[in-house]
Every structure is written in structure tokens, then in C-alpha cells.
Amino acid sequence: MQENGSLKLFKHGPTIEARLVVLGFLALALLLVDARWSTLEPVRQGISIALYPFQRVMLAPRDGIERVKGWVDAANELRIEKEALQHQRIELAQMATHAAQLAAENEQLRRLLNVPDTVTQPAIAVEVLFEPTSAFNHHLVFNKGSNSGIRPGMPVIDEGGVVGQIVRVTPFTSEAALVNDDKLSVPVQVLRNGLRLIAFGGGADGKMEVRYLTAGADIQPGDELVTSGIGVLFPAGLPVARVDSVHRDSATGFAMALATPLAHPERHRHFLVLQVDVDAAHRLEEALGAQGELL
Amino acid sequence: MARRVKVEVARKGAGLSSLEPIDASPFRMAASPGFLWFTVVAFWMFSLLPWRTWDPAPDLLLLVIAYWSLNEPRRVGMVTAFFFGILMDVHDGGLLGVQALSYTLVAYGTLKLSRRLQRFNSVVQCLHMLPVFVVAKSASRLIEGWLAGEWLGWGWFWSAILMALLWPLLDVVLQMPQRRHEEGDGGAV
């Protein structure tokens with residue numbers, strides 16, 4: 001018996017049960033810490049940077065094929081795009097004169113009211129690198145990161161409107177949570193009447209939910225929701241979603257609306273990251289937090 | 001012993017062709033470490049491609065790690081499984097530790113069953129591996145679901161079944177270099 005025991009000790013080192021306990025606990029500890037706090041972000045970032053060359057190598061054939069396909073279809077695509085652009089040009093020409101008129105008027109009014117000018121937002125064009133496989137969140141990974149000036153918190157848009165928000169960056173990549181991800185919330189406004197609301201991701205079928213409405217709130221199916229600009233991170237006036245249905249619960253006195261996002265992150269590969277002043281948002285948050293503590 | 005061989009020969013009928021060993025199953029040669037790590041790294045890199053977004057997609061990397069922890073337990077084991085699990089967690093942008101946990105559990109299950117598994121051929125082995133895959137995947141899915149506050153269906157169950165079905169195929173592919181080696185040695189012995 002004793003001989004057996006000592007043989008086993010030399011042959012195997014720690015038993016597999018001991019290894020299971022150690023590694024299992026380690027995995028569980030990582031899970032719990034990662035779910036509640038962001039202390040593991042540096043570790044994750046380190047590993048992401050190490051993974052990046054492998055990801056690029058594996059995606060290189062796909063990118064190559066797409067480039068070749070792009071070359072082959074170039075003539076056809078260009079014709080279609082040219083037609084679409086011509087249509088757009090005519091429409092935009094009309095709108096541009098109108099907008100110029102409004103801008104002049106707006107500027108004048110702002111001067112009269114002593115309101116500071118709105119600033120135009122610098123932006124970075126990014127391309128989707130891949131869509132991470134995770135059943136629990138809707139994310140996209142882009143091909144530019146903190147080296148290009150992207151920081152967590154910046155909004156991502158396409159021509160439809162708000163696509164999502166950057167949640168994580170490495171020097172070469174950035175990861176965005178889409179508007180239908182349940183961790184994201186966007187301060188919005190009903191375009192029709194200016195009613196301020198908050199839209200949350202995580203509804204069924206990739207929809208957004210507008211919660212915490214009083215039962216009498218003036219919101220209808222078909223209403224367009226645009227960003228309200230509250231909270232600094234999302235500049236005002238970007239389209240976010242269109243309301244599909246409003247559910248009024250007479251028992252609780254609250255209502256909830258379901259809305260379909262207007263952006264189409266699944267259709268395009270190129271997006272714009274708006275370089276908003278993330279620090280200003282943090283400062284505002286801190287100031288509000290301090291105020292809250294004082295009160 | 002001599003009598004038993006005689007009986008065997010008598011049963012199989014006369015002739016030189018009957019003079020073959022009673023146990024005809026091929027001997028398992030040890031896989032070369034180079035080939036072993038090449039397959040692990042190759043399947044890991046293949047897993048970086050976007051085909052895994054399909055929920056029932058089999059986790060081929062996990063399958064390869066399980067296979068080597070059965071056949072080469074001294075080189076690939078639970079620590080390797082944990083390490084690659086963490087790499088996949090970071091790549092997928094999910095919670096750290098989810099796949100590390102299920103990879104570790106699969107490696108543990110394989111090592112625990114290895115004595116038993118080695119008695120069977122790969123088809124019977126895959127029947128043993130199915131519950132291992134199901135338990136490991138469900139454990140990580142339950143914890144992830146608990147932390148996220150929602151349950152996201154049974155797609156992973158199909159993934160476990162597909163993985164078990166692929167086991168015999170993987171056995172054929174990963175044993176190929178060792179068999180070739182053996183055939184080359186055949187004349188010398």
C-alpha cells in the first residue's frame with residue numbers, strides 16, 4: 001500500500017482532484033471578480049495585445065478575399081453607388097440650402113440668447129475586425145484602438161444613427177457594445193415633442209426598451225428617438241431608434257415602450273467613432289456624484 | 001498458454017493467415033510533442049475565426065485538448081486546458097474564466113475516465129465523452145447565466161453532441177502520424 005502511495009506521488013505530482021480544486025477556484029474567482037469589478041482589465045488587455053497578431057493572421061485570408069471580391073465587383077458597385085449618390089446629392093442640395101438658412105438663423109438666435117456655439121465632433125473611421133462569440137452580449141471589435149485616439153465611452157455611429165459605445169480598448173483594437181446590448185443605456189428625446197427619456201438595450205429580438213415612463217407619457221408607435229445630449233457622451237440629435245409599441249400597465253401606473261434601433265451594425269463594415277471628450281463626462285459624473293453625497 | 005493459441009488457430013482454420021496475434025488492435029505509439037503542440041495551436045488559431053458565432057458550433061479546440069489529455073496526459077492536462085480557456089475568454093470578450101472553467105472540467109473528466117476509456121475504441125469513447133462535455137458546458141453556462149441574469153437556451157447542448165460525434169473522426173486524424181510510423185517499423189520487428 002505504502003509503496004503504491006509513494007509511487008503515485010512520484011509519478012503524478014499533485015492529484016487531478018487537487019488540480020481541479022485549484023484551477024476551478026481560480027476560474028470561479030476570475031468570473032466573480034470580472035463580473036463585478038474592473039480590476040482584471042489590465043490582465044485582459046495584456047492578453048488581448050498578445051492575441052492581436054494571431055487574430056490578424058487568421059483574418060488575413062478573409063480580408064484578402066474581400067479585397068479581391070471588391071476589385072472584381074468594383075465597376076458594378078460603383079455604378080449602383082453613383083446612382084444612389086446622385087439621388088442623394090439632389091436631395092441634399094435642397095436640404096443644404098435649408099440647413100444653411102437654419103444655421104444662420106440658429107447662430108443669430110444663440111447670440112441673442114448668449115448660448116455658446118455647438119462644436120462639430122471630430123471622428124475616426126473604423127472597420128469591423130470580427131464579431132466576438134458570446135451568447136450574452138452584442139459586441140463588435142474594430143481595427144483601431146487607443147493608438148488612434150479611441151477611448152472607452154466614445155459613441156459609434158453609422159449613417160442610420162447610433163450603433164453603440166466603445167467599452168474596451170487595446171492599443172490596436174477597440175470593442176463596442178451595440179445599442180441592443182443590455183449593458184448600454186442612451187439618453188434620448190422624442191423628436192416629435194422633445195420628451196426626454198432613457199433607452200436601454202437588451203430587449204427581445206435586438207430591440208431597445210424605453211423604461212420608467214409614467215402611464216400618461218406622450219409617446220406613440222412611430223415616434224423617432226434621438227439622443228438628447230444629456231450626460232455629454234452622446235452628442236445631441238443623433239437618431240437612435242423608432243418606437244414600435246407602447247405597453248401601458250394600469251396596475252403599476254408605468255409604461256414601457258419597445259423601439260427598433262435605426263442603425264444597422266449587421267449590414268456595414270465601416271463605422272465612425274465620435275471623439276467626444278470622455279474626461280469631461282467623467283468629471284461631470286464625479287461632480288454629480290459629489291453633489292449627491294452632499295445632498 | 002500454448003493450448004490457448006492452439007485453440008485459436010484451430011478455430012480460425014489452418015493456413016499462414018491464421019498466424020496473427022489474437023489482439024489485432026494496433027499499438028498506440030506516443031505522439032511526437034511537435035505534432036501534439038502543432039495540432040493544439042492550429043486548432044486554437046482556427047478557433048479565432050468567426051465560425052463559432054453559430055451557437056451549436058462544436059468547440060474543436062476543446063475537443064483536441066480533451067483528446068490529448070486522454071492520450072498524452074503528461075503533456076496536455078488541466079493547466080493547458082485552463083490556459084487556452086482564458087485565451088478564448090479574452091478573444092470572445094466574455095467574462096474571464098467561463099471557458100477556462102469548462103475546459104478545466106473537460107480535462108478533469110477525461111483524466112478521471114482515462115483508465116476506462118483506454119479499454120475501448122473511439123466509438124465507445126465518444127459515448128463516454130458526451131456526458132463530460134455536457135456537464136462541463138452546462139456548469140459554465142449556468143454560472144454565466146446566473147451572473148448575467150438570463151438563460152440563453154440549449155444551443156450549447158447541440159455543440160456538446162456534435163463534439164462527441166466528432167471524437168472518432170478526430171481519433172483517426174490525430175493517430176495518423178503514429179500509425180504511419182508503426183507501418184514503417186513493421187518490417188524491422
# chains A, B, ... in the order shown; residues from 1 in each chain; ligands from 1

$ interface_residues --of "chain A" --to "chain B" --cutoff "7 Å" --atoms "only C-alpha atoms" --output "JSON, numbers by chain"
{"A": [16, 20, 24, 27, 28, 30, 31, 34, 35, 44, 47, 48, 54, 55, 58, 59, 130, 131, 132, 133, 134]}

$ select_by_dssp --residues "range 193-255 of chain A" --states "strand (DSSP E)" --output "PyMOL selection string"
chain A and resi 196-200+208-214+224-227+239-249+254-255

$ write_last_selection --atoms "N, CA and C atoms" --output "PDB file, in the first residue's frame"
ATOM      1  N   ARG A 196     -37.916  63.865 -22.805  1.00  0.00           N
ATOM      2  CA  ARG A 196     -36.628  63.240 -22.506  1.00  0.00           C
ATOM      3  C   ARG A 196     -36.814  61.890 -21.835  1.00  0.00           C
ATOM      4  N   LEU A 197     -36.081  60.896 -22.293  1.00  0.00           N
ATOM      5  CA  LEU A 197     -36.231  59.526 -21.805  1.00  0.00           C
ATOM      6  C   LEU A 197     -34.862  58.860 -21.777  1.00  0.00           C
ATOM      7  N   ILE A 198     -34.838  57.622 -21.301  1.00  0.00           N
ATOM      8  CA  ILE A 198     -33.606  56.828 -21.399  1.00  0.00           C
ATOM      9  C   ILE A 198     -33.959  55.517 -22.092  1.00  0.00           C
ATOM     10  N   ALA A 199     -33.213  55.192 -23.141  1.00  0.00           N
ATOM     11  CA  ALA A 199     -33.442  53.935 -23.863  1.00  0.00           C
ATOM     12  C   ALA A 199     -32.397  52.928 -23.420  1.00  0.00           C
ATOM     13  N   PHE A 200     -32.850  51.719 -23.108  1.00  0.00           N
ATOM     14  CA  PHE A 200     -31.949  50.662 -22.653  1.00  0.00           C
ATOM     15  C   PHE A 200     -31.858  49.568 -23.704  1.00  0.00           C
ATOM     16  N   MET A 208     -34.734  47.872 -28.378  1.00  0.00           N
ATOM     17  CA  MET A 208     -34.395  48.672 -27.194  1.00  0.00           C
ATOM     18  C   MET A 208     -35.656  48.895 -26.386  1.00  0.00           C
ATOM     19  N   GLU A 209     -35.478  49.074 -25.086  1.00  0.00           N
ATOM     20  CA  GLU A 209     -36.626  49.325 -24.225  1.00  0.00           C
ATOM     21  C   GLU A 209     -36.521  50.730 -23.669  1.00  0.00           C
ATOM     22  N   VAL A 210     -37.643  51.444 -23.678  1.00  0.00           N
ATOM     23  CA  VAL A 210     -37.684  52.733 -23.002  1.00  0.00           C
ATOM     24  C   VAL A 210     -38.504  52.515 -21.745  1.00  0.00           C
ATOM     25  N   ARG A 211     -37.793  52.602 -20.606  1.00  0.00           N
ATOM     26  CA  ARG A 211     -38.467  52.256 -19.356  1.00  0.00           C
ATOM     27  C   ARG A 211     -38.720  53.514 -18.535  1.00  0.00           C
ATOM     28  N   TYR A 212     -39.326  53.316 -17.420  1.00  0.00           N
ATOM     29  CA  TYR A 212     -39.609  54.383 -16.445  1.00  0.00           C
ATOM     30  C   TYR A 212     -40.417  55.526 -17.057  1.00  0.00           C
ATOM     31  N   LEU A 213     -41.451  55.179 -17.804  1.00  0.00           N
ATOM     32  CA  LEU A 213     -42.348  56.196 -18.336  1.00  0.00           C
ATOM     33  C   LEU A 213     -43.552  56.250 -17.405  1.00  0.00           C
ATOM     34  N   THR A 214     -44.079  57.436 -17.168  1.00  0.00           N
ATOM     35  CA  THR A 214     -45.354  57.476 -16.456  1.00  0.00           C
ATOM     36  C   THR A 214     -46.431  57.051 -17.450  1.00  0.00           C
ATOM     37  N   GLU A 224     -39.794  58.882 -33.443  1.00  0.00           N
ATOM     38  CA  GLU A 224     -38.357  58.679 -33.579  1.00  0.00           C
ATOM     39  C   GLU A 224     -37.653  59.192 -32.326  1.00  0.00           C
ATOM     40  N   LEU A 225     -36.712  58.385 -31.823  1.00  0.00           N
ATOM     41  CA  LEU A 225     -35.949  58.789 -30.639  1.00  0.00           C
ATOM     42  C   LEU A 225     -34.569  59.256 -31.084  1.00  0.00           C
ATOM     43  N   VAL A 226     -34.172  60.455 -30.657  1.00  0.00           N
ATOM     44  CA  VAL A 226     -32.825  60.943 -30.967  1.00  0.00           C
ATOM     45  C   VAL A 226     -32.094  61.207 -29.660  1.00  0.00           C
ATOM     46  N   THR A 227     -30.750  61.230 -29.724  1.00  0.00           N
ATOM     47  CA  THR A 227     -30.005  61.465 -28.484  1.00  0.00           C
ATOM     48  C   THR A 227     -30.311  62.867 -27.972  1.00  0.00           C
ATOM     49  N   PRO A 239     -29.970  60.095 -34.473  1.00  0.00           N
ATOM     50  CA  PRO A 239     -31.100  59.161 -34.413  1.00  0.00           C
ATOM     51  C   PRO A 239     -30.690  57.887 -33.671  1.00  0.00           C
ATOM     52  N   VAL A 240     -31.577  57.350 -32.858  1.00  0.00           N
ATOM     53  CA  VAL A 240     -31.262  56.137 -32.105  1.00  0.00           C
ATOM     54  C   VAL A 240     -32.207  54.992 -32.473  1.00  0.00           C
ATOM     55  N   ALA A 241     -33.518  55.239 -32.374  1.00  0.00           N
ATOM     56  CA  ALA A 241     -34.453  54.127 -32.574  1.00  0.00           C
ATOM     57  C   ALA A 241     -35.830  54.666 -32.929  1.00  0.00           C
ATOM     58  N   ARG A 242     -36.679  53.788 -33.462  1.00  0.00           N
ATOM     59  CA  ARG A 242     -38.065  54.151 -33.736  1.00  0.00           C
ATOM     60  C   ARG A 242     -38.974  53.281 -32.875  1.00  0.00           C
ATOM     61  N   VAL A 243     -39.961  53.932 -32.225  1.00  0.00           N
ATOM     62  CA  VAL A 243     -40.837  53.217 -31.290  1.00  0.00           C
ATOM     63  C   VAL A 243     -41.774  52.292 -32.062  1.00  0.00           C
ATOM     64  N   ASP A 244     -41.840  51.017 -31.624  1.00  0.00           N
ATOM     65  CA  ASP A 244     -42.743  50.049 -32.252  1.00  0.00           C
ATOM     66  C   ASP A 244     -44.059  49.950 -31.508  1.00  0.00           C
ATOM     67  N   SER A 245     -43.949  49.828 -30.197  1.00  0.00           N
ATOM     68  CA  SER A 245     -45.173  49.619 -29.424  1.00  0.00           C
ATOM     69  C   SER A 245     -44.990  50.198 -28.031  1.00  0.00           C
ATOM     70  N   VAL A 246     -46.088  50.612 -27.433  1.00  0.00           N
ATOM     71  CA  VAL A 246     -46.065  51.154 -26.076  1.00  0.00           C
ATOM     72  C   VAL A 246     -46.974  50.290 -25.216  1.00  0.00           C
ATOM     73  N   HIS A 247     -46.435  49.818 -24.094  1.00  0.00           N
ATOM     74  CA  HIS A 247     -47.239  48.988 -23.197  1.00  0.00           C
ATOM     75  C   HIS A 247     -47.523  49.789 -21.936  1.00  0.00           C
ATOM     76  N   ARG A 248     -48.804  50.062 -21.708  1.00  0.00           N
ATOM     77  CA  ARG A 248     -49.175  50.807 -20.503  1.00  0.00           C
ATOM     78  C   ARG A 248     -49.758  49.839 -19.493  1.00  0.00           C
ATOM     79  N   ASP A 249     -49.186  49.870 -18.306  1.00  0.00           N
ATOM     80  CA  ASP A 249     -49.638  48.955 -17.256  1.00  0.00           C
ATOM     81  C   ASP A 249     -50.437  49.756 -16.242  1.00  0.00           C
ATOM     82  N   PHE A 254     -47.077  52.616 -14.658  1.00  0.00           N
ATOM     83  CA  PHE A 254     -45.925  52.917 -15.505  1.00  0.00           C
ATOM     84  C   PHE A 254     -46.130  52.354 -16.909  1.00  0.00           C
ATOM     85  N   ALA A 255     -45.395  52.899 -17.832  1.00  0.00           N
ATOM     86  CA  ALA A 255     -45.480  52.407 -19.205  1.00  0.00           C
ATOM     87  C   ALA A 255     -44.088  52.040 -19.679  1.00  0.00           C
TER      88      ALA A 255
END

$ residues_around --residues "Phe234 in chain A" --least-positions-apart "4" --cutoff "12 Å" --atoms "only C-alpha atoms" --output "PyMOL selection string"
chain A and resi 121+153-157+161-166+185-189+226-230+238-240+273-278+281

$ residues_around --residues "range 173-182 of chain A" --least-positions-apart "6" --cutoff "8 Å" --atoms "only C-alpha atoms" --output "PDB file with N, CA and C atoms, in the first residue's frame"
ATOM      1  N   ASN A 137     -23.609  38.907 -24.845  1.00  0.00           N
ATOM      2  CA  ASN A 137     -23.555  40.320 -25.195  1.00  0.00           C
ATOM      3  C   ASN A 137     -23.435  40.529 -26.696  1.00  0.00           C
ATOM      4  N   HIS A 138     -23.831  41.708 -27.144  1.00  0.00           N
ATOM      5  CA  HIS A 138     -23.732  42.067 -28.550  1.00  0.00           C
ATOM      6  C   HIS A 138     -22.588  43.055 -28.693  1.00  0.00           C
ATOM      7  N   HIS A 139     -21.458  42.563 -29.142  1.00  0.00           N
ATOM      8  CA  HIS A 139     -20.282  43.413 -29.264  1.00  0.00           C
ATOM      9  C   HIS A 139     -19.707  43.330 -30.679  1.00  0.00           C
ATOM     10  N   LEU A 140     -18.893  44.335 -31.038  1.00  0.00           N
ATOM     11  CA  LEU A 140     -18.110  44.284 -32.266  1.00  0.00           C
ATOM     12  C   LEU A 140     -16.694  44.716 -31.919  1.00  0.00           C
ATOM     13  N   VAL A 141     -15.708  44.122 -32.596  1.00  0.00           N
ATOM     14  CA  VAL A 141     -14.328  44.537 -32.384  1.00  0.00           C
ATOM     15  C   VAL A 141     -13.859  45.280 -33.634  1.00  0.00           C
ATOM     16  N   PHE A 142     -13.314  46.482 -33.456  1.00  0.00           N
ATOM     17  CA  PHE A 142     -12.865  47.312 -34.563  1.00  0.00           C
ATOM     18  C   PHE A 142     -11.351  47.273 -34.704  1.00  0.00           C
ATOM     19  N   ASN A 143     -10.890  47.744 -35.861  1.00  0.00           N
ATOM     20  CA  ASN A 143      -9.472  47.607 -36.170  1.00  0.00           C
ATOM     21  C   ASN A 143      -8.602  48.761 -35.683  1.00  0.00           C
ATOM     22  N   LYS A 144      -9.163  49.691 -34.913  1.00  0.00           N
ATOM     23  CA  LYS A 144      -8.326  50.763 -34.374  1.00  0.00           C
ATOM     24  C   LYS A 144      -8.552  50.860 -32.869  1.00  0.00           C
ATOM     25  N   GLY A 145      -7.521  51.311 -32.168  1.00  0.00           N
ATOM     26  CA  GLY A 145      -7.637  51.369 -30.720  1.00  0.00           C
ATOM     27  C   GLY A 145      -7.084  52.652 -30.158  1.00  0.00           C
ATOM     28  N   SER A 146      -6.524  52.549 -28.958  1.00  0.00           N
ATOM     29  CA  SER A 146      -6.114  53.769 -28.264  1.00  0.00           C
ATOM     30  C   SER A 146      -4.980  54.493 -29.007  1.00  0.00           C
ATOM     31  N   ILE A 150      -8.918  56.361 -29.771  1.00  0.00           N
ATOM     32  CA  ILE A 150     -10.217  55.863 -29.312  1.00  0.00           C
ATOM     33  C   ILE A 150     -10.134  55.562 -27.818  1.00  0.00           C
ATOM     34  N   VAL A 156     -20.351  55.239 -31.183  1.00  0.00           N
ATOM     35  CA  VAL A 156     -20.078  54.745 -32.538  1.00  0.00           C
ATOM     36  C   VAL A 156     -21.345  54.964 -33.362  1.00  0.00           C
ATOM     37  N   VAL A 162     -27.015  56.033 -34.029  1.00  0.00           N
ATOM     38  CA  VAL A 162     -26.111  55.483 -33.017  1.00  0.00           C
ATOM     39  C   VAL A 162     -26.037  53.964 -33.142  1.00  0.00           C
ATOM     40  N   VAL A 163     -24.815  53.436 -33.241  1.00  0.00           N
ATOM     41  CA  VAL A 163     -24.606  51.994 -33.336  1.00  0.00           C
ATOM     42  C   VAL A 163     -24.314  51.413 -31.962  1.00  0.00           C
ATOM     43  N   GLY A 164     -23.536  52.142 -31.173  1.00  0.00           N
ATOM     44  CA  GLY A 164     -23.167  51.619 -29.864  1.00  0.00           C
ATOM     45  C   GLY A 164     -22.170  52.528 -29.196  1.00  0.00           C
ATOM     46  N   GLN A 165     -21.432  51.945 -28.266  1.00  0.00           N
ATOM     47  CA  GLN A 165     -20.480  52.720 -27.481  1.00  0.00           C
ATOM     48  C   GLN A 165     -19.244  51.865 -27.227  1.00  0.00           C
ATOM     49  N   ILE A 166     -18.070  52.497 -27.299  1.00  0.00           N
ATOM     50  CA  ILE A 166     -16.830  51.763 -27.052  1.00  0.00           C
ATOM     51  C   ILE A 166     -16.770  51.384 -25.568  1.00  0.00           C
ATOM     52  N   VAL A 167     -16.501  50.109 -25.300  1.00  0.00           N
ATOM     53  CA  VAL A 167     -16.406  49.684 -23.909  1.00  0.00           C
ATOM     54  C   VAL A 167     -14.990  49.305 -23.495  1.00  0.00           C
ATOM     55  N   PHE A 200     -32.850  51.719 -23.108  1.00  0.00           N
ATOM     56  CA  PHE A 200     -31.949  50.662 -22.653  1.00  0.00           C
ATOM     57  C   PHE A 200     -31.858  49.568 -23.704  1.00  0.00           C
ATOM     58  N   GLY A 201     -30.698  48.956 -23.820  1.00  0.00           N
ATOM     59  CA  GLY A 201     -30.565  47.801 -24.704  1.00  0.00           C
ATOM     60  C   GLY A 201     -31.113  46.567 -24.008  1.00  0.00           C
ATOM     61  N   GLY A 202     -31.038  45.442 -24.709  1.00  0.00           N
ATOM     62  CA  GLY A 202     -31.375  44.179 -24.052  1.00  0.00           C
ATOM     63  C   GLY A 202     -32.800  43.731 -24.189  1.00  0.00           C
ATOM     64  N   GLY A 203     -33.602  44.434 -25.031  1.00  0.00           N
ATOM     65  CA  GLY A 203     -34.955  43.949 -25.278  1.00  0.00           C
ATOM     66  C   GLY A 203     -34.910  42.700 -26.147  1.00  0.00           C
ATOM     67  N   GLY A 206     -33.305  41.977 -30.323  1.00  0.00           N
ATOM     68  CA  GLY A 206     -32.413  43.092 -30.605  1.00  0.00           C
ATOM     69  C   GLY A 206     -33.080  44.450 -30.508  1.00  0.00           C
ATOM     70  N   LYS A 207     -34.191  44.542 -29.769  1.00  0.00           N
ATOM     71  CA  LYS A 207     -34.855  45.841 -29.646  1.00  0.00           C
ATOM     72  C   LYS A 207     -34.369  46.589 -28.410  1.00  0.00           C
ATOM     73  N   MET A 208     -34.734  47.872 -28.378  1.00  0.00           N
ATOM     74  CA  MET A 208     -34.395  48.672 -27.194  1.00  0.00           C
ATOM     75  C   MET A 208     -35.656  48.895 -26.386  1.00  0.00           C
ATOM     76  N   PRO A 261     -33.732  49.756 -33.149  1.00  0.00           N
ATOM     77  CA  PRO A 261     -32.602  50.650 -33.456  1.00  0.00           C
ATOM     78  C   PRO A 261     -32.594  51.034 -34.944  1.00  0.00           C
ATOM     79  N   PRO A 265     -25.802  47.728 -37.582  1.00  0.00           N
ATOM     80  CA  PRO A 265     -24.423  47.265 -37.437  1.00  0.00           C
ATOM     81  C   PRO A 265     -24.175  45.951 -38.169  1.00  0.00           C
TER      82      PRO A 265
END

$ decode --residues "range 39-62 of chain A" --atoms "N, CA and C atoms" --output "PDB file, in the first residue's frame"
ATOM      1  N   THR A  39     -11.103  45.221 -12.060  1.00  0.00           N
ATOM      2  CA  THR A  39      -9.696  45.080 -11.674  1.00  0.00           C
ATOM      3  C   THR A  39      -8.913  44.219 -12.657  1.00  0.00           C
ATOM      4  N   LEU A  40      -9.595  43.334 -13.393  1.00  0.00           N
ATOM      5  CA  LEU A  40      -8.878  42.423 -14.283  1.00  0.00           C
ATOM      6  C   LEU A  40      -8.625  43.019 -15.663  1.00  0.00           C
ATOM      7  N   GLU A  41      -9.080  44.262 -15.890  1.00  0.00           N
ATOM      8  CA  GLU A  41      -8.915  44.861 -17.222  1.00  0.00           C
ATOM      9  C   GLU A  41      -7.468  44.880 -17.717  1.00  0.00           C
ATOM     10  N   PRO A  42      -6.476  45.236 -16.847  1.00  0.00           N
ATOM     11  CA  PRO A  42      -5.088  45.217 -17.338  1.00  0.00           C
ATOM     12  C   PRO A  42      -4.664  43.831 -17.812  1.00  0.00           C
ATOM     13  N   VAL A  43      -5.071  42.780 -17.081  1.00  0.00           N
ATOM     14  CA  VAL A  43      -4.717  41.412 -17.462  1.00  0.00           C
ATOM     15  C   VAL A  43      -5.318  41.104 -18.834  1.00  0.00           C
ATOM     16  N   ARG A  44      -6.610  41.437 -18.961  1.00  0.00           N
ATOM     17  CA  ARG A  44      -7.311  41.179 -20.213  1.00  0.00           C
ATOM     18  C   ARG A  44      -6.640  41.928 -21.367  1.00  0.00           C
ATOM     19  N   GLN A  45      -6.252  43.175 -21.058  1.00  0.00           N
ATOM     20  CA  GLN A  45      -5.638  43.980 -22.117  1.00  0.00           C
ATOM     21  C   GLN A  45      -4.305  43.374 -22.558  1.00  0.00           C
ATOM     22  N   GLY A  46      -3.530  42.923 -21.557  1.00  0.00           N
ATOM     23  CA  GLY A  46      -2.247  42.295 -21.870  1.00  0.00           C
ATOM     24  C   GLY A  46      -2.440  41.098 -22.787  1.00  0.00           C
ATOM     25  N   ILE A  47      -3.408  40.243 -22.436  1.00  0.00           N
ATOM     26  CA  ILE A  47      -3.642  39.039 -23.243  1.00  0.00           C
ATOM     27  C   ILE A  47      -4.170  39.433 -24.628  1.00  0.00           C
ATOM     28  N   SER A  48      -5.041  40.453 -24.668  1.00  0.00           N
ATOM     29  CA  SER A  48      -5.575  40.897 -25.972  1.00  0.00           C
ATOM     30  C   SER A  48      -4.459  41.335 -26.898  1.00  0.00           C
ATOM     31  N   ILE A  49      -3.498  42.079 -26.333  1.00  0.00           N
ATOM     32  CA  ILE A  49      -2.393  42.561 -27.171  1.00  0.00           C
ATOM     33  C   ILE A  49      -1.606  41.380 -27.706  1.00  0.00           C
ATOM     34  N   ALA A  50      -1.409  40.366 -26.833  1.00  0.00           N
ATOM     35  CA  ALA A  50      -0.675  39.179 -27.288  1.00  0.00           C
ATOM     36  C   ALA A  50      -1.467  38.429 -28.352  1.00  0.00           C
ATOM     37  N   LEU A  51      -2.791  38.455 -28.260  1.00  0.00           N
ATOM     38  CA  LEU A  51      -3.630  37.721 -29.213  1.00  0.00           C
ATOM     39  C   LEU A  51      -3.711  38.415 -30.565  1.00  0.00           C
ATOM     40  N   TYR A  52      -3.533  39.753 -30.544  1.00  0.00           N
ATOM     41  CA  TYR A  52      -3.809  40.540 -31.744  1.00  0.00           C
ATOM     42  C   TYR A  52      -3.107  40.033 -33.007  1.00  0.00           C
ATOM     43  N   PRO A  53      -1.768  39.766 -32.967  1.00  0.00           N
ATOM     44  CA  PRO A  53      -1.136  39.285 -34.200  1.00  0.00           C
ATOM     45  C   PRO A  53      -1.763  37.991 -34.726  1.00  0.00           C
ATOM     46  N   PHE A  54      -2.142  37.085 -33.825  1.00  0.00           N
ATOM     47  CA  PHE A  54      -2.746  35.821 -34.260  1.00  0.00           C
ATOM     48  C   PHE A  54      -4.098  36.076 -34.915  1.00  0.00           C
ATOM     49  N   GLN A  55      -4.866  36.987 -34.308  1.00  0.00           N
ATOM     50  CA  GLN A  55      -6.176  37.308 -34.890  1.00  0.00           C
ATOM     51  C   GLN A  55      -6.007  37.872 -36.290  1.00  0.00           C
ATOM     52  N   ARG A  56      -5.042  38.789 -36.433  1.00  0.00           N
ATOM     53  CA  ARG A  56      -4.844  39.398 -37.749  1.00  0.00           C
ATOM     54  C   ARG A  56      -4.403  38.354 -38.774  1.00  0.00           C
ATOM     55  N   VAL A  57      -3.494  37.461 -38.354  1.00  0.00           N
ATOM     56  CA  VAL A  57      -3.012  36.430 -39.279  1.00  0.00           C
ATOM     57  C   VAL A  57      -4.175  35.562 -39.741  1.00  0.00           C
ATOM     58  N   MET A  58      -5.038  35.158 -38.817  1.00  0.00           N
ATOM     59  CA  MET A  58      -6.135  34.277 -39.185  1.00  0.00           C
ATOM     60  C   MET A  58      -7.167  34.981 -40.054  1.00  0.00           C
ATOM     61  N   LEU A  59      -7.341  36.300 -39.821  1.00  0.00           N
ATOM     62  CA  LEU A  59      -8.349  37.016 -40.604  1.00  0.00           C
ATOM     63  C   LEU A  59      -7.794  37.499 -41.938  1.00  0.00           C
ATOM     64  N   ALA A  60      -6.474  37.377 -42.118  1.00  0.00           N
ATOM     65  CA  ALA A  60      -5.865  37.898 -43.343  1.00  0.00           C
ATOM     66  C   ALA A  60      -6.457  37.283 -44.613  1.00  0.00           C
ATOM     67  N   PRO A  61      -6.657  35.939 -44.677  1.00  0.00           N
ATOM     68  CA  PRO A  61      -7.242  35.377 -45.909  1.00  0.00           C
ATOM     69  C   PRO A  61      -8.624  35.950 -46.203  1.00  0.00           C
ATOM     70  N   ARG A  62      -9.444  36.094 -45.159  1.00  0.00           N
ATOM     71  CA  ARG A  62     -10.789  36.645 -45.364  1.00  0.00           C
ATOM     72  C   ARG A  62     -10.699  38.068 -45.909  1.00  0.00           C
TER      73      ARG A  62
END
